[in-house]
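> Just dropping this structure here.
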There are 2 protein chains.
Amino acid sequence: MRIGVLGAGQLGRMLALAGYPLANTFVFYDISGSPSVGLGEVIVDRGGEYLNDFLSRVDRVTYEFEHLPVSIAERIADVKPVHPTPRSLQVCQNREAEKTLFGELGIATPKWKIADSAESLRQAAEELGCPVVAKSNTEGYDGKGQAILRSPEEALEAWTVINHPRLMVEKFVDFSREVSIIGVRGADGDVAVYPIAENIHHNGILRYSLAPAPSVSKTVAAEAKRYLHAIMNELDYVGVLALELFDTADGLVANEMAPRVHNSGHWTIEGAQTSQFENHIRAITGQPLGDTTARGVSCMVNIIGEHGDISRILELPYTHVHLYDKAERPGRKLGHINVTAEHYDELIWRVRNCASFLPGVPEFRCSLAKG
Amino acid sequence: MRIGVLGAGQLGRMLALAGYPLANTFVFYDISGSPSVGLGEVIVDRGGEYLNDFLSRVDRVTYEFEHLPVSIAERIADVKPVHPTPRSLQVCQNREAEKTLFGELGIATPKWKIADSAESLRQAAEELGCPVVAKSNTEGYDGKGQAILRSPEEALEAWTVINHPRLMVEKFVDFSREVSIIGVRGADGDVAVYPIAENIHHNGILRYSLAPAPSVSKTVAAEAKRYLHAIMNELDYVGVLALELFDTADGLVANEMAPRVHNSGHWTIEGAQTSQFENHIRAITGQPLGDTTARGVSCMVNIIGEHGDISRILELPYTHVHLYDKAERPGRKLGHINVTAEHYDELIWRVRNCASFLPGVPEFRCSLAKG
């Protein structure tokens, strides 16, 4: 099948690498002007002139990047099947719509309010009780467009810094760790869910994902699974969806979701029977979903900004290197390494050893190894 | 690194799929006129006019197909590094040179003679003792250009059928099974060897590879390893090399080798820590070799001629489907399925179940399950 991908970065690249073996071909549609996908045909179209050309060359369309105008997705949906649906895109682009949906589906979230001025931000902070996190209601990702208010008096400064007309203000959640759960829904409504991953961020960017997350109770696992089922069924979703959550003393609290393959699911390439990329392709092409069971335990380590000593990392027998073939730049995701093991204690020293060859990576501390 | 591949079929395709994640790009050079690789840039050049153009676009060259004129490989080696070396190609293209090398390195082979006429074929058959196998000395693969002589009187017919000026005549070997061993040698001379695979052929075409082969004694494993080391060191080889062997009551007897990634190594994609494809790319780009340890047990099932019911196969949680995106044609390799398991008994029923959805595949009978 000829698959059109909106966006042309590393996620599209990994979708293609997983999709070719199932006899698919790929055309990428890039509006950024700097595609990095490195394989398949790329149509760079900053002015929107070549959209019809793109559509004429593909059988169906998906995306690897959800921050594109919903109007484009809707225009496409009139011509070719698009998965996930434009509605999914719309909900994920808008924190208010997302949190509202979560509420309707009985999914726990932090307490939240909307602010549309410095004064209403101050009021929201006061009513919710500080600390609160203010986030631009749209267009924010990877920790951009966010500020933490330790007291309502910081409202004016935060408003100025974020510089966005509408903010989502959330009461700070007291969590023990950040986790995510990734699921996939097939064209026939079948749903498969990966084990929960434990995510370690640094400066707002994901650095490590450990999967399956250690010490997840059956209740918590069932809760996360129910959340994903509810969201995907409600949105009549087809493809992979990622849900980021806070693990708290009172159970899981939803943070945000992404309507696509997700950085916290890269471990599935070697760490699960079927990768998130292959399952997304299977779903959108109407094939049966693949097994989401983990193979042993694994940890994904992001390569950010600088490549470090890749040759040394390739020497380690338990690493799997995935480079995106991008130039180095501070804060840029350049690749990731999947470290695999049979047991957690083995995994922990392997991850630390691997990370020692990467510059600027924070020490690996997960819920198992805080010391 | 920009890698040029001579040949543009499924092996090149899988080399590319393994090579992109290590930040390589691929250009394929096709002299057949019908490339099927389906990704990367392909230069189709039946007349040899675009060789310089091809070479100008790549940093080094390898091949996925050894039946191309050695003169081309030599012309290339004058301009760009080529791995494996043209000498390796030459030896592998010529059964006499190959068997002579095996003999020099102390590698057991069937007794053999060269025949250059119907009469000398008759004589060879008589001296070796029938049955014998006669094979065209060059240009034969996948069971083509071969004949079995049950008595010397069949020489004239065999000579006529094979229709080649020079034949390798081998005494029939009484073997319990066919196996292969795949190794990789790095640019620094480092060697890594995969576990032996047990191969089941049907009508001269590989149908199943089971790995690690069951019931391999330490002595036999060490012998196979020594063979590979000897060959690769002698040829100053860089890349993956496959050696096909007969397992006999007197130990391993070498059949033939291939200077490239090999169908009997496709199981390594999910069945080993590092695939043969990734290891070939690592070797020719001067990177450290990856771990060749098996992950559980696995079996590769070739898809030949017809695709069968791929959707049903995708439903099985223990299958990994690798399609080559080629049109169906009798005897054509269209893809393969890797079946994985923890134990052999589990593997056997899984393979049989998987094979039941493929048309015309012979029943799976390995050394473990002859009954």
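Each chain in the structure tokens gets a letter, A, B and so on, in the order shown; residues start at 1 in every chain, and ligands are counted from 1 in the order they appear.
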Applying 10 Å and only C-alpha atoms, which residues near Val339 (chain B) remain after dropping the ones on its own chain fewer than 3 positions away? List them as a PyMOL selection string.

chain B and resi 210+267+270-271+297-301+316-321+336+347-348+350-351+354

> Excluding same-chain residues fewer than 6 positions from Thr274 (chain B), what lies within 10 Å of it counting only C-alpha atoms, as an MDAnalysis selection string?

(chainID A and resid 317:320) or (chainID B and resid 18 194 268 289:295)

> Within 6 Å of chain A, which residues belong to chain B? Use only C-alpha atoms and report them as an MDAnalysis selection string.

chainID B and resid 21:23 288 291 315 317 322:323 325

> Keeping only N, CA, C and O atoms, write the selected residues as a PDB file, in the first residue's frame.


```pdb
ATOM      1  N   PRO B  21      19.342   2.894  10.179  1.00  0.00           N
ATOM      2  CA  PRO B  21      19.434   3.299  11.593  1.00  0.00           C
ATOM      3  C   PRO B  21      20.864   3.561  12.073  1.00  0.00           C
ATOM      4  O   PRO B  21      21.049   4.096  13.159  1.00  0.00           O
ATOM      5  N   LEU B  22      21.857   3.200  11.282  1.00  0.00           N
ATOM      6  CA  LEU B  22      23.229   3.554  11.643  1.00  0.00           C
ATOM      7  C   LEU B  22      23.701   4.733  10.790  1.00  0.00           C
ATOM      8  O   LEU B  22      24.901   4.907  10.561  1.00  0.00           O
ATOM      9  N   ALA B  23      22.754   5.528  10.311  1.00  0.00           N
ATOM     10  CA  ALA B  23      23.030   6.778   9.605  1.00  0.00           C
ATOM     11  C   ALA B  23      23.743   6.574   8.270  1.00  0.00           C
ATOM     12  O   ALA B  23      24.567   7.388   7.868  1.00  0.00           O
ATOM     13  N   PRO B 288      32.383  -1.451  15.089  1.00  0.00           N
ATOM     14  CA  PRO B 288      32.528  -2.718  15.815  1.00  0.00           C
ATOM     15  C   PRO B 288      31.391  -3.682  15.466  1.00  0.00           C
ATOM     16  O   PRO B 288      30.279  -3.239  15.158  1.00  0.00           O
ATOM     17  N   ASP B 291      26.698  -8.228  18.675  1.00  0.00           N
ATOM     18  CA  ASP B 291      26.548  -9.522  19.333  1.00  0.00           C
ATOM     19  C   ASP B 291      25.768 -10.488  18.427  1.00  0.00           C
ATOM     20  O   ASP B 291      24.695 -10.154  17.933  1.00  0.00           O
ATOM     21  N   GLU B 315      -1.782 -12.456  12.160  1.00  0.00           N
ATOM     22  CA  GLU B 315      -2.577 -12.639  13.390  1.00  0.00           C
ATOM     23  C   GLU B 315      -1.853 -13.470  14.443  1.00  0.00           C
ATOM     24  O   GLU B 315      -2.173 -13.388  15.625  1.00  0.00           O
ATOM     25  N   PRO B 317       0.762 -14.404  17.067  1.00  0.00           N
ATOM     26  CA  PRO B 317       1.590 -13.478  17.867  1.00  0.00           C
ATOM     27  C   PRO B 317       3.090 -13.783  17.816  1.00  0.00           C
ATOM     28  O   PRO B 317       3.875 -13.001  18.322  1.00  0.00           O
ATOM     29  N   HIS B 322       8.348 -10.531   6.684  1.00  0.00           N
ATOM     30  CA  HIS B 322       9.268  -9.704   5.900  1.00  0.00           C
ATOM     31  C   HIS B 322       8.985  -9.941   4.425  1.00  0.00           C
ATOM     32  O   HIS B 322       9.384 -10.954   3.856  1.00  0.00           O
ATOM     33  N   LEU B 323       8.261  -9.014   3.823  1.00  0.00           N
ATOM     34  CA  LEU B 323       7.906  -9.155   2.414  1.00  0.00           C
ATOM     35  C   LEU B 323       8.872  -8.355   1.543  1.00  0.00           C
ATOM     36  O   LEU B 323       9.381  -7.316   1.956  1.00  0.00           O
ATOM     37  N   ASP B 325       8.010  -7.276  -1.531  1.00  0.00           N
ATOM     38  CA  ASP B 325       7.231  -6.426  -2.436  1.00  0.00           C
ATOM     39  C   ASP B 325       7.480  -6.804  -3.898  1.00  0.00           C
ATOM     40  O   ASP B 325       7.694  -5.930  -4.740  1.00  0.00           O
TER      41      ASP B 325
END
```

> Please identify all polymer residues within 8 Å of region 124-128 of chain B, counting only C-alpha atoms, omitting same-chain residues fewer than 2 positions from it, and present them as a VMD selection string.

chain B and resid 111 to 115 120 to 122 130 to 132 149 151 to 152 155 169 to 171

> As a PyMOL selection string, please: all residues of region 26-222 of chain A that backbone DSSP puts in alpha helix (DSSP H).

chain A and resi 51-56+70-77+86-93+95-104+118-128+155-162+218-222

> Residues of region 32-95 of chain A in strand (DSSP E or B) according to DSSP, as a list in words?

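Matching residues for strand (DSSP E or B) in region 32-95 of chain A are Glu41, Val42, Ile43, Val44, Arg60, Val61, Thr62, Tyr63, Val82 and Asn94 of chain A.
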
> Using only C-alpha atoms, which residues sit within 10 Å of Tyr29 (chain B) once same-chain residues fewer than 6 positions away are excluded, as a list in words?

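The contact residues come out as Gly4, Val5, Leu6, Gly7, Ala8, Pro35, Glu41, Val42, Ile43, Val44, Asp45, Arg46, Gly48, Tyr50, Leu51, Phe54, Leu55, Val61 and Tyr63 of chain B.
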
> What's the separation between CA of Asn279 (chain A) and CA of Tyr237 (chain A), in Å to one decimal place?

13.5 Å

> Can you list, as number ranges by chain, every protein, DNA or RNA residue that comes within 10 Å of Val70 (chain B) when you count only C-alpha atoms, leaving out same-chain residues fewer than 6 positions away?

B: 76, 85-91, 93

> Write a file of the selected residues as an mmCIF file, in the first residue's frame, keeping all heavy atoms.


```
data_model
loop_
_atom_site.group_PDB
_atom_site.id
_atom_site.type_symbol
_atom_site.label_atom_id
_atom_site.label_comp_id
_atom_site.auth_asym_id
_atom_site.auth_seq_id
_atom_site.Cartn_x
_atom_site.Cartn_y
_atom_site.Cartn_z
ATOM 1 N N ILE B 76 35.732 -1.425 -9.964
ATOM 2 C CA ILE B 76 35.241 -0.631 -8.839
ATOM 3 C C ILE B 76 36.319 -0.483 -7.766
ATOM 4 O O ILE B 76 36.526 0.597 -7.221
ATOM 5 C CB ILE B 76 33.969 -1.275 -8.248
ATOM 6 C CG1 ILE B 76 32.836 -1.178 -9.274
ATOM 7 C CG2 ILE B 76 33.573 -0.612 -6.937
ATOM 8 C CD1 ILE B 76 31.615 -1.978 -8.915
ATOM 9 N N THR B 85 36.279 -8.397 -0.888
ATOM 10 C CA THR B 85 37.208 -8.135 -1.990
ATOM 11 C C THR B 85 36.807 -8.891 -3.254
ATOM 12 O O THR B 85 36.173 -9.945 -3.185
ATOM 13 C CB THR B 85 38.614 -8.622 -1.598
ATOM 14 O OG1 THR B 85 38.510 -9.993 -1.157
ATOM 15 C CG2 THR B 85 39.187 -7.783 -0.489
ATOM 16 N N PRO B 86 37.210 -8.378 -4.429
ATOM 17 C CA PRO B 86 36.952 -9.098 -5.679
ATOM 18 C C PRO B 86 37.470 -10.540 -5.641
ATOM 19 O O PRO B 86 36.849 -11.435 -6.213
ATOM 20 C CB PRO B 86 37.707 -8.268 -6.717
ATOM 21 C CG PRO B 86 37.704 -6.879 -6.155
ATOM 22 C CD PRO B 86 37.794 -7.052 -4.670
ATOM 23 N N ARG B 87 38.561 -10.804 -4.927
ATOM 24 C CA ARG B 87 39.069 -12.184 -4.860
ATOM 25 C C ARG B 87 38.033 -13.111 -4.202
ATOM 26 O O ARG B 87 37.851 -14.252 -4.634
ATOM 27 C CB ARG B 87 40.395 -12.237 -4.079
ATOM 28 C CG ARG B 87 41.005 -13.636 -4.175
ATOM 29 C CD ARG B 87 42.278 -13.840 -3.387
ATOM 30 N NE ARG B 87 42.435 -15.274 -3.108
ATOM 31 C CZ ARG B 87 43.004 -15.773 -2.027
ATOM 32 N NH1 ARG B 87 43.503 -14.976 -1.109
ATOM 33 N NH2 ARG B 87 43.086 -17.083 -1.860
ATOM 34 N N SER B 88 37.368 -12.610 -3.156
ATOM 35 C CA SER B 88 36.333 -13.419 -2.503
ATOM 36 C C SER B 88 35.229 -13.760 -3.502
ATOM 37 O O SER B 88 34.726 -14.885 -3.545
ATOM 38 C CB SER B 88 35.714 -12.656 -1.330
ATOM 39 O OG SER B 88 36.702 -12.108 -0.508
ATOM 40 N N LEU B 89 34.868 -12.781 -4.289
ATOM 41 C CA LEU B 89 33.834 -12.952 -5.307
ATOM 42 C C LEU B 89 34.263 -14.032 -6.290
ATOM 43 O O LEU B 89 33.502 -14.944 -6.618
ATOM 44 C CB LEU B 89 33.686 -11.608 -6.031
ATOM 45 C CG LEU B 89 32.442 -11.371 -6.858
ATOM 46 C CD1 LEU B 89 31.235 -11.308 -5.943
ATOM 47 C CD2 LEU B 89 32.571 -10.056 -7.617
ATOM 48 N N GLN B 90 35.502 -13.912 -6.740
ATOM 49 C CA GLN B 90 36.049 -14.836 -7.721
ATOM 50 C C GLN B 90 36.015 -16.281 -7.199
ATOM 51 O O GLN B 90 35.582 -17.188 -7.903
ATOM 52 C CB GLN B 90 37.500 -14.430 -7.989
ATOM 53 C CG GLN B 90 38.095 -15.035 -9.224
ATOM 54 C CD GLN B 90 39.372 -14.299 -9.614
ATOM 55 O OE1 GLN B 90 40.010 -13.644 -8.782
ATOM 56 N NE2 GLN B 90 39.743 -14.397 -10.877
ATOM 57 N N VAL B 91 36.453 -16.459 -5.967
ATOM 58 C CA VAL B 91 36.486 -17.805 -5.382
ATOM 59 C C VAL B 91 35.070 -18.361 -5.268
ATOM 60 O O VAL B 91 34.818 -19.520 -5.583
ATOM 61 C CB VAL B 91 37.188 -17.780 -4.005
ATOM 62 C CG1 VAL B 91 37.024 -19.115 -3.290
ATOM 63 C CG2 VAL B 91 38.658 -17.441 -4.162
ATOM 64 N N GLN B 93 32.521 -17.691 -7.019
ATOM 65 C CA GLN B 93 31.868 -17.891 -8.315
ATOM 66 C C GLN B 93 32.334 -19.161 -8.997
ATOM 67 O O GLN B 93 31.780 -19.553 -10.012
ATOM 68 C CB GLN B 93 32.188 -16.715 -9.236
ATOM 69 C CG GLN B 93 31.374 -15.494 -8.960
ATOM 70 C CD GLN B 93 31.703 -14.380 -9.939
ATOM 71 O OE1 GLN B 93 32.502 -14.563 -10.847
ATOM 72 N NE2 GLN B 93 31.079 -13.238 -9.754
#
```

> Excluding Asn137 (chain B) and its own-chain neighbours fewer than 3 positions away, which residues fall within 6 Å of it when counting only C-alpha atoms? Please give them as number ranges by chain.

B: 94-95, 166-168
